[in-house]
>>> print(open('work.txt').read())   # compact mmCIF, C-alpha atoms
# COMPACT_ATOMS: atom_id res chain seq x y z
CA ALA A 446 98.86 83.79 88.77
CA MET A 447 100.90 83.66 91.95
CA SER A 448 99.05 81.69 94.61
CA SER A 449 97.65 83.79 97.42
CA THR A 450 99.63 81.82 100.02
CA LEU A 451 102.90 82.55 98.26
CA PHE A 452 101.96 86.21 97.96
CA LEU A 453 101.11 86.29 101.67
CA TYR A 454 104.51 84.82 102.58
CA LEU A 455 106.26 87.29 100.33
CA VAL A 456 104.46 90.23 101.94
CA GLY A 457 105.23 88.66 105.33
CA ALA A 458 108.92 88.38 104.49
CA ILE A 459 109.11 91.98 103.24
CA PHE A 460 107.24 93.22 106.30
CA GLY A 461 109.53 91.15 108.54
CA ALA A 462 112.63 92.60 106.89
CA ILE A 463 111.31 96.13 107.43
CA VAL A 464 110.61 95.31 111.10
CA GLY A 465 114.15 93.90 111.27
CA SER A 466 115.50 97.14 109.87
CA PHE A 467 113.74 99.05 112.65
CA LEU A 468 115.06 96.53 115.21
CA ASN A 469 118.61 97.35 114.11
CA VAL A 470 117.97 100.98 115.03
CA VAL A 471 116.59 99.87 118.41
CA ILE A 472 119.60 97.58 119.00
CA LEU A 473 121.98 100.41 118.18
CA ARG A 474 120.28 103.22 120.10
CA LEU A 475 118.28 101.67 122.97
CA PRO A 476 121.26 100.91 125.27
CA ASP A 477 122.41 104.54 124.91
CA PRO A 478 120.16 106.76 127.06
CA ASP A 479 121.15 109.85 125.06
CA GLN A 480 119.82 108.57 121.74
CA SER A 481 116.29 108.71 120.41
CA ILE A 482 114.94 105.73 118.50
CA VAL A 483 112.92 107.98 116.20
CA PHE A 484 115.28 110.90 115.46
CA PRO A 485 117.47 111.41 113.57
CA GLY A 486 116.83 109.22 110.51
CA SER A 487 119.13 106.40 109.44
CA HIS A 488 122.73 107.45 109.04
CA CYS A 489 126.13 105.84 108.70
CA PRO A 490 127.46 105.23 112.25
CA GLN A 491 130.95 106.17 111.00
CA CYS A 492 130.56 109.34 108.93
CA ASN A 493 126.99 110.25 110.01
CA THR A 494 125.89 110.86 106.42
CA PRO A 495 122.10 110.42 106.24
CA LEU A 496 121.21 107.42 104.08
CA ALA A 497 119.24 107.76 100.86
CA TRP A 498 116.10 105.61 100.60
CA PHE A 499 117.82 103.09 98.30
CA GLU A 500 120.64 102.64 100.82
CA ASN A 501 118.07 101.74 103.41
CA ILE A 502 116.34 98.77 101.77
CA PRO A 503 116.67 95.82 104.15
CA ILE A 504 119.16 93.06 103.14
CA PHE A 505 119.14 94.23 99.50
CA SER A 506 121.05 97.47 100.10
CA TYR A 507 123.71 95.64 102.11
CA LEU A 508 124.31 93.26 99.20
CA VAL A 509 124.31 96.00 96.57
CA LEU A 510 126.65 98.21 98.61
CA ARG A 511 128.76 95.10 99.34
CA GLY A 512 128.65 95.86 103.04
CA ARG A 513 130.27 99.29 102.84
CA CYS A 514 129.03 102.86 103.31
CA ARG A 515 128.67 104.59 99.94
CA HIS A 516 130.12 107.79 101.37
CA CYS A 517 133.03 106.88 103.65
CA ARG A 518 133.48 103.22 102.59
CA ALA A 519 133.39 102.12 106.24
CA THR A 520 132.35 98.50 106.70
CA ILE A 521 128.69 98.04 107.60
CA SER A 522 128.25 95.43 110.30
CA PRO A 523 126.82 92.11 109.01
CA GLN A 524 124.54 92.35 112.07
CA TYR A 525 122.21 94.55 109.99
CA PRO A 526 121.34 92.11 107.18
CA LEU A 527 121.42 89.18 109.63
CA VAL A 528 118.81 90.76 111.92
CA GLU A 529 116.70 91.72 108.88
CA ALA A 530 116.89 88.22 107.42
CA LEU A 531 116.16 86.60 110.78
CA THR A 532 113.09 88.79 111.38
CA ALA A 533 111.88 88.16 107.81
CA ALA A 534 112.22 84.40 108.36
CA ILE A 535 110.38 84.63 111.69
CA ALA A 536 107.54 86.64 110.14
CA MET A 537 107.15 84.07 107.35
CA ALA A 538 107.28 81.16 109.79
CA LEU A 539 104.64 82.78 112.02
CA LEU A 540 102.36 83.25 109.01
CA ALA A 541 102.84 79.63 108.01
CA ARG A 542 102.15 78.47 111.55
CA PHE A 543 99.35 80.79 112.69
CA GLN A 544 98.03 82.28 109.41
CA LEU A 545 97.02 85.94 109.28
CA THR A 546 95.71 86.13 112.85
CA PHE A 547 95.94 88.34 115.89
CA LEU A 548 98.15 85.68 117.47
CA ALA A 549 100.64 85.78 114.59
CA ALA A 550 100.87 89.58 114.85
CA ALA A 551 101.25 89.46 118.64
CA LEU A 552 103.93 86.78 118.44
CA LEU A 553 105.84 88.86 115.89
CA VAL A 554 106.07 91.60 118.55
CA PHE A 555 107.28 89.00 121.08
CA ALA A 556 109.81 87.57 118.61
CA ALA A 557 111.02 91.07 117.73
CA ALA A 558 111.68 91.75 121.42
CA LEU A 559 113.64 88.48 121.64
CA VAL A 560 115.74 89.35 118.58
CA VAL A 561 116.67 92.70 120.15
CA VAL A 562 117.56 90.95 123.43
CA ILE A 563 119.74 88.38 121.63
CA VAL A 564 121.85 90.98 119.83
CA ILE A 565 122.15 93.51 122.68
CA ASP A 566 123.02 90.78 125.18
CA ILE A 567 125.71 89.36 122.89
CA ARG A 568 127.12 92.85 122.22
CA LEU A 569 126.92 94.44 125.67
CA GLN A 570 126.02 91.62 128.12
CA ILE A 571 122.90 93.48 129.23
CA ILE A 572 119.19 92.87 128.76
CA PRO A 573 117.43 96.25 128.68
CA ASP A 574 114.56 96.69 131.13
CA LEU A 575 112.96 98.82 128.40
CA ILE A 576 112.33 95.58 126.53
CA SER A 577 111.61 93.07 129.31
CA LEU A 578 109.38 95.12 131.60
CA PRO A 579 106.91 96.41 128.97
CA GLY A 580 107.24 92.93 127.44
CA ILE A 581 105.95 91.35 130.65
CA VAL A 582 102.90 93.65 130.76
CA LEU A 583 102.21 93.11 127.07
CA GLY A 584 102.42 89.33 127.47
CA VAL A 585 99.74 89.37 130.16
CA LEU A 586 97.53 91.74 128.11
CA VAL A 587 97.83 89.55 125.00
CA SER A 588 96.83 86.48 127.03
CA LEU A 589 93.63 88.34 128.02
CA ILE A 590 92.71 88.97 124.36
CA GLY A 591 93.73 85.59 122.98
CA GLY A 592 97.40 84.70 123.20
CA VAL A 593 99.13 81.35 123.36
CA VAL A 594 97.72 80.61 126.82
CA SER A 595 95.00 81.77 129.21
CA TRP A 596 95.66 84.77 131.45
CA GLN A 597 95.89 82.43 134.44
CA SER A 598 98.72 80.47 132.79
CA SER A 599 100.33 83.75 131.79
CA LEU A 600 100.36 85.10 135.35
CA ILE A 601 101.65 81.82 136.78
CA GLY A 602 104.28 81.78 134.01
CA LEU A 603 105.32 85.33 134.87
CA PHE A 604 105.87 84.59 138.56
CA ALA A 605 107.22 81.07 138.07
CA GLY A 606 109.62 82.21 135.34
CA GLY A 607 110.95 85.09 137.38
CA GLY A 608 110.91 83.05 140.59
CA VAL A 609 112.73 79.97 139.26
CA LEU A 610 115.63 82.02 137.89
CA TYR A 611 115.64 84.26 140.94
CA GLY A 612 115.91 81.16 143.13
CA LEU A 613 118.73 79.74 141.01
CA ALA A 614 120.60 83.06 141.00
CA LEU A 615 120.18 83.41 144.75
CA GLY A 616 121.38 79.85 145.37
CA TYR A 617 124.37 80.35 143.11
CA ALA A 618 125.28 83.66 144.75
CA LEU A 619 125.10 82.10 148.23
CA LEU A 620 127.14 79.05 147.24
CA ARG A 621 129.76 80.68 145.07
CA LYS A 622 129.65 84.18 146.64
CA VAL A 623 129.39 85.59 143.10
CA GLU A 624 126.50 86.61 140.94
CA GLY A 625 126.06 84.00 138.24
CA MET A 626 122.93 85.35 136.66
CA GLY A 627 121.96 88.95 136.15
CA GLY A 628 118.61 90.48 137.04
CA GLY A 629 118.11 90.90 133.30
CA ASP A 630 117.84 87.14 132.75
CA ILE A 631 115.28 86.87 135.54
CA LYS A 632 113.07 89.57 133.99
CA LEU A 633 113.51 87.97 130.56
CA LEU A 634 112.27 84.58 131.75
CA ALA A 635 109.39 86.33 133.53
CA MET A 636 108.53 87.91 130.15
CA ILE A 637 108.76 84.53 128.37
CA GLY A 638 106.52 83.01 131.05
CA ALA A 639 104.00 85.83 130.64
CA TRP A 640 103.83 85.26 126.87
CA LEU A 641 104.03 81.48 126.67
CA GLY A 642 102.59 80.43 130.03
CA TRP A 643 104.10 78.29 132.78
CA GLN A 644 103.75 75.30 130.45
CA SER A 645 106.66 76.58 128.37
CA LEU A 646 109.08 76.90 131.27
CA PRO A 647 110.38 73.31 131.61
CA PHE A 648 111.21 73.31 127.87
CA VAL A 649 112.71 76.81 127.83
CA ILE A 650 114.83 76.24 130.96
CA LEU A 651 116.02 72.80 129.81
CA VAL A 652 116.88 73.80 126.24
CA SER A 653 118.57 77.07 127.22
CA SER A 654 120.56 75.45 130.05
CA LEU A 655 121.77 72.59 127.84
CA SER A 656 122.67 74.80 124.87
CA GLY A 657 124.14 77.48 127.15
CA SER A 658 126.28 74.95 129.05
CA LEU A 659 127.48 73.42 125.81
CA VAL A 660 128.54 76.77 124.37
CA GLY A 661 129.95 77.76 127.77
CA ILE A 662 132.13 74.64 127.92
CA ILE A 663 133.37 75.25 124.37
CA ALA A 664 134.11 78.90 125.24
CA MET A 665 135.96 77.83 128.40
CA LEU A 666 138.13 75.38 126.48
CA GLN A 667 138.91 78.00 123.85
CA GLN A 668 139.48 80.95 126.18
CA LYS A 669 141.29 78.87 128.82
CA LYS A 670 139.88 81.17 131.51
CA GLY A 671 138.31 78.31 133.42
CA GLY A 672 135.30 79.26 135.52
CA GLN A 673 135.75 82.96 134.81
CA THR A 674 134.36 82.69 131.29
CA ARG A 675 131.33 84.96 130.91
CA ILE A 676 128.75 84.08 128.32
CA PRO A 677 125.43 85.91 128.11
CA PHE A 678 122.48 83.64 128.91
CA GLY A 679 119.80 85.84 127.36
CA PRO A 680 120.34 84.63 123.79
CA PHE A 681 119.84 80.99 124.87
CA LEU A 682 116.62 81.79 126.75
CA SER A 683 115.38 83.77 123.75
CA LEU A 684 116.18 81.08 121.17
CA ALA A 685 114.57 78.41 123.36
CA ALA A 686 111.43 80.56 123.61
CA LEU A 687 111.35 80.99 119.81
CA LEU A 688 111.75 77.24 119.33
CA TYR A 689 108.88 76.64 121.73
CA VAL A 690 106.59 78.97 119.77
CA PHE A 691 107.09 76.91 116.63
CA PHE A 692 107.04 73.46 118.21
CA LEU A 693 104.30 74.18 120.70
CA ASP A 694 102.08 71.25 119.71
CA GLN A 695 104.92 68.74 119.58
CA VAL A 696 106.19 69.80 123.01
CA GLN A 697 102.69 69.62 124.51
CA GLU A 698 102.20 66.17 122.97
CA PHE A 699 105.49 65.01 124.44
CA TYR A 700 104.45 66.30 127.90
CA THR A 701 101.17 64.44 127.68
CA LEU A 702 102.86 61.18 126.71
CA TYR A 703 105.54 61.68 129.32
CA LEU A 704 103.11 62.44 132.14
CA SER A 705 100.82 59.55 131.24
CA GLY A 706 103.81 57.22 131.46
CA GLN A 707 103.77 56.22 127.76
CA TRP A 708 107.26 57.61 127.26
CA PRO A 709 109.98 56.55 127.53
>>> encode(input="work.txt", output="structure tokens")
Amino acid sequence: AMSSTLFLYLVGAIFGAIVGSFLNVVILRLPDPDQSIVFPGSHCPQCNTPLAWFENIPIFSYLVLRGRCRHCRATISPQYPLVEALTAAIAMALLARFQLTFLAAALLVFAAALVVVIVIDIRLQIIPDLISLPGIVLGVLVSLIGGVVSWQSSLIGLFAGGGVLYGLALGYALLRKVEGMGGGDIKLLAMIGAWLGWQSLPFVILVSSLSGSLVGIIAMLQQKKGGQTRIPFGPFLSLAALLYVFFLDQVQEFYTLYLSGQWP
């Protein structure tokens, strides 16, 4: 018989892929104020033909259809299976890390919001308030019920996260007379702080700044636009937050060692 753990992971992966499939709809329709997330049902963005149920199976349908619409043969964006696979992997990892708990379910909602932010910010260079603002409120509420941190840490994280980035953005704007960071990034870090507490902020800011700078430098060299190169910062903040969720204990341990002077 299949072990119950394996079965649980399988169900988790399937559930994650279905969530990912819904996230694709959100990614596509949320930035457009004229579109509803619920209606109409899934259809080909090119020819608008409604999809049959078997064309709508996450990941699987994309492979079977070889990435093309069955009706008009238009190419289906690889974003769809990628988001589905990513969300499936996250759901499985959360199950492995937190078992079948309230926390795992809550963090799946948080991770789903981050996945949406990553893709929309890469595509359109915006972070929708419709994700970050309810996300902030939800983060505080979850901390009251039993999240990653206490509600006190959550509130401090919310204000510190928003405040730190706001301060940086303000400083940058005053020095360079240009806006370096959008309000969207500020609200996103406030949301991350609300979910993961102020304790997560040094890690999230450090990891996102380092990885963002690295990619930024590479982009600058490739695009040869110098300081005018625009890269969205949201994806780096989001990935750093996801990393923190999974390496929470290790990061906390490192802090403790570092603060007690045992490292380096």
>>> atom_distance(input="work.txt", atom1="atom CA of Leu545 of chain A", atom2="atom CA of Trp596 of chain A")
22.2 Å
>>> atom_distance(input="work.txt", atom1="atom CA of Leu641 of chain A", atom2="atom CA of Ser599 of chain A")
6.7 Å
>>> residues_around(input="work.txt", residues="Glu529 of chain A", least_positions_apart="4", cutoff="12 Å", atoms="all atoms listed in the file", output="PyMOL selection string")
chain A and resi 458-470+501-507+523-525+533-536+557+560-561
>>> residues_around(input="work.txt", residues="Ala541 of chain A", least_positions_apart="2", cutoff="12 Å", atoms="only C-alpha atoms", output="list in words")
Thr450, Leu451, Leu453, Tyr454, Leu455, Gly457, Ala458, Ala534, Ile535, Ala536, Met537, Ala538, Leu539, Phe543, Gln544, Leu545, Thr546, Ala549 and Phe691 of chain A
>>> atom_distance(input="work.txt", atom1="atom CA of Gly602 of chain A", atom2="atom CA of Ala635 of chain A")
6.9 Å
>>> residues_around(input="work.txt", residues="Pro579 of chain A", least_positions_apart="2", cutoff="12 Å", atoms="all atoms listed in the file", output="list in words")
Val554, Phe555, Ala558, Pro573, Asp574, Leu575, Ile576, Ser577, Ile581, Val582, Leu583, Gly584, Val585, Leu586, Lys632, Leu633, Ala635, Met636, Ala639 and Trp640 of chain A
>>> closest_residue(input="work.txt", among="A:Leu704, A:Leu603, A:Leu569, A:Ala556", to="Pro677 of chain A", atoms="all atoms listed in the file")
A:Leu569
>>> residues_around(input="work.txt", residues="Arg568 of chain A", least_positions_apart="3", cutoff="12 Å", atoms="all atoms listed in the file", output="list of chain:residue names")
A:Ile472, A:Leu473, A:Pro476, A:Gln524, A:Val561, A:Val562, A:Ile563, A:Val564, A:Ile565, A:Ile571, A:Ile572, A:Ile676, A:Pro677, A:Gly679, A:Pro680
>>> closest_residue(input="work.txt", among="A:Ser481, A:Leu508, A:Gln597, A:Gly612", to="Ser522 of chain A", atoms="all atoms listed in the file")
A:Leu508
>>> residues_around(input="work.txt", residues="segment 642-646 of chain A", least_positions_apart="5", cutoff="12 Å", atoms="all atoms listed in the file", output="CSV table (one decimal) with C-alpha atoms, keeping the file's coordinate frame")
chain,number,residue,atom,x,y,z
A,581,ILE,CA,106.0,91.4,130.6
A,584,GLY,CA,102.4,89.3,127.5
A,585,VAL,CA,99.7,89.4,130.2
A,587,VAL,CA,97.8,89.6,125.0
A,588,SER,CA,96.8,86.5,127.0
A,592,GLY,CA,97.4,84.7,123.2
A,593,VAL,CA,99.1,81.4,123.4
A,594,VAL,CA,97.7,80.6,126.8
A,595,SER,CA,95.0,81.8,129.2
A,596,TRP,CA,95.7,84.8,131.4
A,597,GLN,CA,95.9,82.4,134.4
A,598,SER,CA,98.7,80.5,132.8
A,599,SER,CA,100.3,83.8,131.8
A,600,LEU,CA,100.4,85.1,135.4
A,601,ILE,CA,101.6,81.8,136.8
A,602,GLY,CA,104.3,81.8,134.0
A,603,LEU,CA,105.3,85.3,134.9
A,604,PHE,CA,105.9,84.6,138.6
A,605,ALA,CA,107.2,81.1,138.1
A,606,GLY,CA,109.6,82.2,135.3
A,607,GLY,CA,111.0,85.1,137.4
A,608,GLY,CA,110.9,83.0,140.6
A,609,VAL,CA,112.7,80.0,139.3
A,610,LEU,CA,115.6,82.0,137.9
A,633,LEU,CA,113.5,88.0,130.6
A,634,LEU,CA,112.3,84.6,131.8
A,635,ALA,CA,109.4,86.3,133.5
A,636,MET,CA,108.5,87.9,130.2
A,637,ILE,CA,108.8,84.5,128.4
A,651,LEU,CA,116.0,72.8,129.8
A,652,VAL,CA,116.9,73.8,126.2
A,653,SER,CA,118.6,77.1,127.2
A,654,SER,CA,120.6,75.4,130.0
A,682,LEU,CA,116.6,81.8,126.8
A,683,SER,CA,115.4,83.8,123.8
A,685,ALA,CA,114.6,78.4,123.4
A,686,ALA,CA,111.4,80.6,123.6
A,687,LEU,CA,111.4,81.0,119.8
A,688,LEU,CA,111.8,77.2,119.3
A,689,TYR,CA,108.9,76.6,121.7
A,690,VAL,CA,106.6,79.0,119.8
A,691,PHE,CA,107.1,76.9,116.6
A,692,PHE,CA,107.0,73.5,118.2
A,693,LEU,CA,104.3,74.2,120.7
A,694,ASP,CA,102.1,71.2,119.7
A,695,GLN,CA,104.9,68.7,119.6
A,696,VAL,CA,106.2,69.8,123.0
A,697,GLN,CA,102.7,69.6,124.5
A,698,GLU,CA,102.2,66.2,123.0
A,700,TYR,CA,104.4,66.3,127.9
A,701,THR,CA,101.2,64.4,127.7
>>> closest_residue(input="work.txt", among="A:Leu553, A:Cys514, A:Leu619, A:Ile631", to="Glu500 of chain A", atoms="all atoms listed in the file")
A:Cys514
